[in-house]
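For reference, the structure discussed in these notes is given below.
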Amino acid sequence: MAAKFVIFAACVATALAQYSAPAYKPAYSAPAYSAPKAYAPEPAYAPTPYNFEYSVNDPHTYDVHSQSEYSDGNGYVKGTYSLVEADGSIRTVEYTADDYNGFNAVNTKMAAKFVIFAACVATALAQYSAPAYKPAYSAPAYSAPKAYAPEPAYAPTPYNFEYSVNDPHTYDVHSQSEYSDGNGYVKGTYSLVEADGSIRTVEYTADDHSGFNAVVKNEVYKILRKNKQKIKEKPKFLSKQNLRKKGFFVIFAACVATALAQYSAPAYKPAYSAPAYSAPKAYAPEPAYAPTPYNFEYSVNDPHTYDVHSQSEYSDGNGYVKGTYSLVEADGSIRTVEYTADDHSGFNAVVKNEGGYKAPSYSAPAYKPAYSAPAYSAPAYKPAYKPTY
């Protein structure tokens, strides 16, 4: 057996000696990669300093704010932002920013000093529109801004005006007068007849030192009624537009102060000579009308909707009313209301219900079983079978 293994190993060695193993050839040659190119540094741009400012004063939306900002072009920025809040206070934000300290801001809020009237502001602004904002230069595109030229010194422009309105159709009755010395001092008065007949008078002053100050006075308009000889407030019936004025008297005085600080009021030059209006005429007492008694009655009986009701009423024209109302309810009952009303006792009513559907009486039936139980009798005893032997 050992000789057989030796002969087999010799045969294998001879076979392997006849050929050599093939050389390893890869399917492809690996491409050669070059090192990535170095990135070119960003170009250095020249510093581009800038400076701007603007302001907004919109009397329709009450949007009042302003902003100014400056940058040296090397990352340092400084600015301020001012905003009139809904409660009349002024919120001012002063901020700075640079590469070292980042963004920093100081927020201050100045509380409103007074509660003032929207009608005064709206009327004053209606006399003259604020000049459109025109910057002193046209902003260049991506270039250093031009230096601001100093504002020219204008000569003082004092002004004085007054007017009054008395519209019998819309019941709009108001007047205003104002004076300015041209150096920032303004003094005026505004008068308005309210929806309840009272007269609201506002006397106001404004200057660079004390700001805007106003004193509001209310005078109740009273008339004498002839029939009762009592003094009561004068009733008035106003349109919806004038009634809305009641909600406009909480407003911001800072709006007016900001507007006056931005520009001096231009000299009032009307396009025409204003006509002279006379003082509003005193209201005549209401005319006394003759009594107008009335009497009516009606009834409805609709078989399709089952709507059955009637009413009758009488009045003597002097405030006394008497009537009755009848209605058929869903259950068939009749509801009757008898009422009276006068200036002394007010409204009084007596309600009565008659008839109606009565539910039938129902008694529970006696219990009767469905069948009678059968009677069972016990079977007779039968002894088991006994065989006989």
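Naming scheme: A, B, ... for chains in displayed order of the structure tokens; residues 1 onward per chain; ligands 1 onward as shown.
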Give me, as an NGL selection string, all polymer residues having an atom no more than 8 Å from Pro156 of chain A, counting only C-alpha atoms and skipping those fewer than 3 positions away in the same chain.
:A and (181-183)
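Residues in contact range of Asn318 of chain A, defined as at most 9 Å between only C-alpha atoms, with sequence neighbours fewer than 2 positions away removed, read Pro291, Thr292, Pro293, Ser315, Asp316, Tyr320, Val321 and Asp342 of chain A.
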Nearest-residue call for Glu329 of chain A, choices A:Gly355, A:Gly317, A:Ser312, A:Asp302, using only C-alpha atoms:
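Looking at the shortest contact to Glu329 of chain A, the residue is A:Gly355.
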Applying 9 Å and only C-alpha atoms, which residues near segment 64-66 of chain A remain after dropping the ones on its own chain fewer than 5 positions away? List them as a count of residues only.
16
Selected residue, from A:Thr324, A:Ser372, A:Ser278, A:Thr96, that lies nearest to Asn348 of chain A when counting only C-alpha atoms:
A:Thr324
Here is a test: counting only C-alpha atoms, which residue of A:Thr157, A:Ser164, A:Asn107, A:Thr201 is nearest to Val186 of chain A?
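Looking at the shortest contact to Val186 of chain A, the residue is A:Thr157.
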